[in-house]
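So this block is start_31.cif, mmCIF, C-alpha atoms:
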```
data_target
loop_
_atom_site.label_atom_id
_atom_site.label_comp_id
_atom_site.auth_asym_id
_atom_site.auth_seq_id
_atom_site.Cartn_x
_atom_site.Cartn_y
_atom_site.Cartn_z
CA MET K 1 7.92 101.20 -56.92
CA ASN K 2 11.17 101.33 -58.81
CA GLN K 3 14.57 101.90 -57.32
CA THR K 4 15.55 105.55 -56.88
CA HIS K 5 19.01 107.05 -56.79
CA ALA K 6 19.89 110.64 -55.85
CA GLU K 7 22.61 112.84 -54.39
CA VAL K 8 21.63 114.92 -51.39
CA ILE K 9 23.46 117.72 -49.55
CA LEU K 10 22.76 118.20 -45.84
CA ASP K 11 24.79 120.76 -43.88
CA SER K 12 27.61 120.67 -46.46
CA THR K 13 27.75 116.86 -46.34
CA HIS K 14 27.14 115.03 -49.61
CA PHE K 15 25.20 111.78 -49.52
CA ASP K 16 24.62 109.19 -52.21
CA VAL K 17 21.09 107.87 -51.55
CA HIS K 18 19.57 104.64 -52.87
CA ILE K 19 15.89 103.91 -52.20
CA SER K 20 14.59 100.42 -52.93
CA PRO K 21 11.16 98.85 -52.34
CA LEU K 22 10.75 96.17 -49.67
CA LEU K 23 8.49 93.32 -50.74
CA ASP K 24 6.92 90.53 -48.74
CA HIS K 25 6.65 86.88 -49.79
CA ARG K 26 3.56 87.77 -51.84
CA ASN K 27 5.53 90.46 -53.69
CA GLN K 28 3.54 93.17 -51.98
CA ASN K 29 5.18 96.48 -51.15
CA VAL K 30 5.62 96.71 -47.39
CA GLY K 31 8.12 99.54 -47.12
CA ARG K 32 11.34 101.05 -48.41
CA LEU K 33 15.02 100.42 -47.87
CA ILE K 34 17.02 103.64 -47.78
CA VAL K 35 20.81 103.39 -47.95
CA TRP K 36 22.94 106.52 -47.37
CA HIS K 37 26.63 106.77 -48.27
CA ASP K 38 28.68 109.78 -47.24
CA ILE K 39 30.51 110.83 -50.45
CA THR K 40 31.77 114.22 -49.22
CA ASP K 41 35.45 113.28 -49.62
CA LEU K 42 34.79 111.97 -53.13
CA LYS K 43 33.00 115.21 -54.07
CA GLN K 44 35.88 117.30 -52.72
CA ILE K 45 38.36 115.31 -54.81
CA GLN K 46 36.12 115.68 -57.86
CA THR K 47 35.90 119.45 -57.32
CA LYS K 48 39.66 119.66 -56.95
CA PHE K 49 40.26 117.84 -60.22
CA GLU K 50 37.68 119.99 -61.99
CA LYS K 51 39.53 123.09 -60.79
CA LEU K 52 42.87 121.64 -61.89
CA ALA K 53 41.48 121.18 -65.39
CA VAL K 54 40.71 124.89 -65.82
CA THR K 55 43.25 126.62 -63.58
CA ASP K 56 46.88 127.63 -63.99
CA MET K 57 48.45 126.13 -60.88
CA LEU K 58 50.98 128.90 -60.32
CA THR K 59 48.80 131.99 -60.64
CA GLN K 60 45.44 130.38 -59.81
CA ILE K 61 43.73 132.05 -62.76
CA PHE K 62 42.27 130.36 -65.83
CA ASN K 63 44.65 128.35 -67.97
CA ARG K 64 45.02 128.68 -71.74
CA ARG K 65 42.79 125.76 -72.63
CA HIS K 66 39.89 126.96 -70.52
CA LEU K 67 40.17 130.53 -71.78
CA LEU K 68 40.04 129.26 -75.37
CA ASP K 69 36.94 127.20 -74.56
CA LEU K 70 35.25 130.21 -72.97
CA ALA K 71 36.34 132.46 -75.83
CA GLU K 72 34.71 130.16 -78.37
CA MET K 73 31.45 130.36 -76.46
CA GLU K 74 31.67 134.14 -76.06
CA LEU K 75 32.45 134.54 -79.74
CA LYS K 76 29.33 132.60 -80.73
CA ARG K 77 27.23 134.57 -78.25
CA ALA K 78 28.59 137.89 -79.51
CA ALA K 79 27.84 136.91 -83.11
CA ARG K 80 24.34 135.78 -82.19
CA THR K 81 23.48 138.90 -80.16
CA LYS K 82 25.51 141.28 -82.35
CA SER K 83 27.37 142.53 -79.28
CA PRO K 84 31.01 143.67 -79.17
CA LEU K 85 33.86 141.49 -77.95
CA SER K 86 37.52 142.42 -77.47
CA LEU K 87 40.65 140.44 -76.72
CA ALA K 88 44.04 141.57 -75.43
CA LEU K 89 47.23 139.52 -75.33
CA ILE K 90 49.59 140.69 -72.58
CA ASP K 91 53.30 140.11 -72.20
CA ILE K 92 55.48 141.09 -69.23
CA ASP K 93 58.34 143.15 -70.61
CA HIS K 94 61.87 141.75 -70.22
CA PHE K 95 60.65 139.08 -67.83
CA LYS K 96 63.80 137.04 -68.37
CA ASN K 97 65.73 139.76 -66.54
CA ILE K 98 63.87 138.97 -63.31
CA ASN K 99 64.72 135.27 -63.57
CA ASP K 100 68.33 136.01 -64.42
CA LYS K 101 68.81 138.60 -61.68
CA PHE K 102 66.77 137.16 -58.81
CA GLY K 103 66.18 133.50 -59.73
CA HIS K 104 63.21 131.50 -60.93
CA PRO K 105 61.36 131.50 -57.56
CA ALA K 106 61.36 135.29 -57.73
CA GLY K 107 60.09 135.06 -61.29
CA ASP K 108 57.24 132.84 -60.11
CA GLN K 109 56.39 135.33 -57.39
CA ALA K 110 56.36 138.14 -59.93
CA LEU K 111 53.88 136.19 -62.06
CA ILE K 112 51.66 135.50 -59.05
CA THR K 113 51.68 139.13 -57.97
CA PHE K 114 51.09 140.39 -61.50
CA ALA K 115 48.06 138.10 -61.90
CA LYS K 116 46.69 139.25 -58.54
CA ILE K 117 47.02 142.94 -59.48
CA CYS K 118 45.29 142.32 -62.78
CA CYS K 119 42.42 140.42 -61.17
CA GLU K 120 41.90 143.29 -58.76
CA ASN K 121 41.71 145.81 -61.60
CA ILE K 122 39.53 144.17 -64.22
CA ARG K 123 35.77 143.84 -64.31
CA GLU K 124 33.93 140.81 -63.00
CA MET K 125 32.66 140.08 -66.52
CA ASP K 126 36.19 139.97 -67.98
CA LEU K 127 37.99 136.64 -68.42
CA PHE K 128 41.68 136.57 -67.55
CA ALA K 129 44.05 133.68 -68.17
CA ARG K 130 47.70 132.73 -68.28
CA PHE K 131 48.55 131.66 -71.81
CA GLY K 132 51.97 130.34 -70.89
CA GLY K 133 55.26 131.68 -69.56
CA GLU K 134 54.87 135.42 -69.08
CA GLU K 135 52.04 135.79 -71.59
CA PHE K 136 48.44 136.36 -70.52
CA ALA K 137 45.11 136.96 -72.23
CA LEU K 138 42.20 139.21 -71.29
CA LEU K 139 38.84 138.59 -72.94
CA MET K 140 36.36 141.45 -72.61
CA PRO K 141 32.73 140.64 -73.50
CA GLU K 142 30.28 143.43 -74.31
CA THR K 143 33.26 145.70 -74.96
CA ASN K 144 34.28 147.41 -78.19
CA CYS K 145 37.90 148.18 -79.04
CA GLU K 146 37.72 151.79 -77.86
CA GLN K 147 36.35 150.78 -74.48
CA ALA K 148 38.81 147.91 -74.22
CA TYR K 149 41.68 150.25 -74.99
CA GLN K 150 40.77 152.33 -71.94
CA VAL K 151 40.71 149.17 -69.79
CA CYS K 152 44.10 148.05 -71.11
CA GLU K 153 45.74 151.45 -70.87
CA ARG K 154 44.63 151.77 -67.25
CA LEU K 155 45.98 148.29 -66.49
CA CYS K 156 49.27 149.14 -68.19
CA ARG K 157 49.59 152.25 -66.04
CA ILE K 158 48.72 150.45 -62.78
CA ILE K 159 51.29 147.71 -63.42
CA ALA K 160 54.02 150.25 -64.21
CA GLN K 161 53.31 152.05 -60.92
CA SER K 162 53.25 148.88 -58.80
CA ILE K 163 56.11 147.49 -56.75
CA ILE K 164 56.52 143.72 -56.98
CA GLU K 165 57.85 142.22 -53.74
CA LEU K 166 60.26 139.34 -54.39
CA ASP K 167 61.20 137.89 -51.01
CA LYS K 168 64.22 140.00 -50.02
CA HIS K 169 64.04 142.12 -53.14
CA SER K 170 61.55 144.29 -54.94
CA ALA K 171 61.15 145.14 -58.59
CA SER K 172 58.95 147.03 -60.98
CA ILE K 173 57.66 145.67 -64.25
CA THR K 174 55.88 146.93 -67.33
CA ILE K 175 53.65 145.16 -69.80
CA SER K 176 52.93 145.28 -73.50
CA LEU K 177 49.41 144.65 -74.76
CA GLY K 178 48.08 143.78 -78.22
CA LEU K 179 44.38 144.49 -78.60
CA THR K 180 41.74 143.60 -81.16
CA GLU K 181 38.00 143.14 -81.36
CA MET K 182 35.58 140.91 -83.20
CA GLU K 183 35.03 142.72 -86.47
CA SER K 184 32.32 140.59 -88.07
CA GLU K 185 30.21 137.51 -87.52
CA ARG K 186 32.63 135.62 -89.78
CA ASP K 187 35.57 136.21 -87.42
CA THR K 188 37.07 133.05 -85.98
CA LEU K 189 38.90 132.79 -82.68
CA GLU K 190 42.07 131.85 -84.55
CA LEU K 191 41.88 135.02 -86.61
CA ILE K 192 41.21 137.22 -83.58
CA LEU K 193 44.15 135.69 -81.74
CA ARG K 194 46.40 136.27 -84.73
CA ARG K 195 45.40 139.94 -84.88
CA ALA K 196 46.00 140.39 -81.15
CA ASP K 197 49.35 138.66 -81.42
CA GLN K 198 50.40 140.93 -84.28
CA ALA K 199 49.35 143.99 -82.28
CA LEU K 200 51.35 142.68 -79.30
CA TYR K 201 54.39 142.23 -81.52
CA ASP K 202 53.98 145.82 -82.69
CA ALA K 203 53.72 147.03 -79.07
CA LYS K 204 57.03 145.33 -78.27
CA GLN K 205 58.71 146.69 -81.39
CA SER K 206 57.45 150.19 -80.59
CA GLY K 207 59.21 150.33 -77.23
CA ARG K 208 57.03 148.19 -74.91
CA ASN K 209 55.03 149.43 -71.89
CA ARG K 210 52.11 150.32 -74.13
CA VAL K 211 48.86 149.20 -75.71
CA ILE K 212 48.59 148.77 -79.47
CA SER K 213 45.25 148.16 -81.14
CA TRP K 214 45.29 146.07 -84.28
CA HIS K 215 44.61 147.94 -87.51
CA THR K 216 44.66 146.98 -91.15
CA SER K 217 48.20 148.24 -91.68
CA LEU K 218 49.46 145.46 -89.42
CA GLU K 219 50.06 142.27 -91.36
CA ILE K 220 48.80 138.96 -89.99
#
```
Encoded form (structure tokens):
Amino acid sequence: MNQTHAEVILDSTHFDVHISPLLDHRNQNVGRLIVWHDITDLKQIQTKFEKLAVTDMLTQIFNRRHLLDLAEMELKRAARTKSPLSLALIDIDHFKNINDKFGHPAGDQALITFAKICCENIREMDLFARFGGEEFALLMPETNCEQAYQVCERLCRIIAQSIIELDKHSASITISLGLTEMESERDTLELILRRADQALYDAKQSGRNRVISWHTSLEI
């Protein structure tokens, strides 16, 4: 009998288990030695670090790096299955005004609340991430641009109608969204992001608080 190693979970407790043969003086197998080590704390630390690697610590949603990793996988899947895929880049309008007027802690609270509202109003299949600062990304698998536009327009409306509580103050915000979809199997994530970014720029230039879908008249 060879040595055996395994991890076992019993009532939420993680054990590292080593099983070794016991041999007598004639090298005959007379039993087994089983050694259990409680590694629950180690597993909890490991889980925490795994979460840190994919999560934006302020808003507790996906971070940019993880969203890009997931987007690459979704892009390949969409190309393979010939299914639609849409991406929206989202920017909170005039966010600097909140920081300037109420302070950076209030700005952080606004970001947390905004992310929470978005998570409550997107589908379970959608992937939502903070890209940095006040910019976010929403990846929508199995969704063409027309369908995604309806999702984004609804989200834009909900945010505009929401009151953001900032400790002793309250504020309202609006968002601008740039939307695009995968147009062919040759599309790369870089190209899709560039199109969404150009559409977002156009949304800001057009007055903000709106959704703009990328079209060929927009330069990238």
Please evaluate the PyMOL selection byres ((chain K and resi 108-113) around 8) against the structure above and give the resulting residues as a count of residues only. 14
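Using only C-alpha atoms, the contacts of Phe136 (chain K) at a cut-off of 10 Å, with sequence neighbours closer than 3 positions omitted, comprise Phe62, Asn63, Arg64, Ala88, Leu89, Ile90, Asp91, Ile92, Ala115, Phe128, Ala129, Arg130, Phe131, Gly132, Gly133 and Leu177 of chain K.
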Residue by residue, what does the PyMOL selection byres ((chain K and resi 198) around 10) grab here? Present the result as a list in words. Leu89, Gly178, Leu179, Thr180, Ile192, Leu193, Arg194, Arg195, Ala196, Asp197, Ala199, Leu200, Tyr201, Asp202, Ala203, Lys204, Ile212, Ser213, Trp214, His215, Leu218, Glu219 and Ile220 of chain K
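The nearest approach to Gln205 (chain K) among the residues K:Ser176, K:Leu155, K:Ala53, K:His18, with only C-alpha atoms taken into account, belongs to K:Ser176.
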The PyMOL selection byres ((chain K and resi 2-9) around 10) on the file shown: which residues, as a ChimeraX atom specification? /K:1,10-21,32-40
Written file, previous selection with C-alpha atoms, as a compact mmCIF listing (two decimals), in the frame of the given file:
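And here is the file that came out, result.txt:
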```
# COMPACT_ATOMS: atom_id res chain seq x y z
CA MET K 1 7.92 101.20 -56.92
CA LEU K 10 22.76 118.20 -45.84
CA ASP K 11 24.79 120.76 -43.88
CA SER K 12 27.61 120.67 -46.46
CA THR K 13 27.75 116.86 -46.34
CA HIS K 14 27.14 115.03 -49.61
CA PHE K 15 25.20 111.78 -49.52
CA ASP K 16 24.62 109.19 -52.21
CA VAL K 17 21.09 107.87 -51.55
CA HIS K 18 19.57 104.64 -52.87
CA ILE K 19 15.89 103.91 -52.20
CA SER K 20 14.59 100.42 -52.93
CA PRO K 21 11.16 98.85 -52.34
CA ARG K 32 11.34 101.05 -48.41
CA LEU K 33 15.02 100.42 -47.87
CA ILE K 34 17.02 103.64 -47.78
CA VAL K 35 20.81 103.39 -47.95
CA TRP K 36 22.94 106.52 -47.37
CA HIS K 37 26.63 106.77 -48.27
CA ASP K 38 28.68 109.78 -47.24
CA ILE K 39 30.51 110.83 -50.45
CA THR K 40 31.77 114.22 -49.22
```
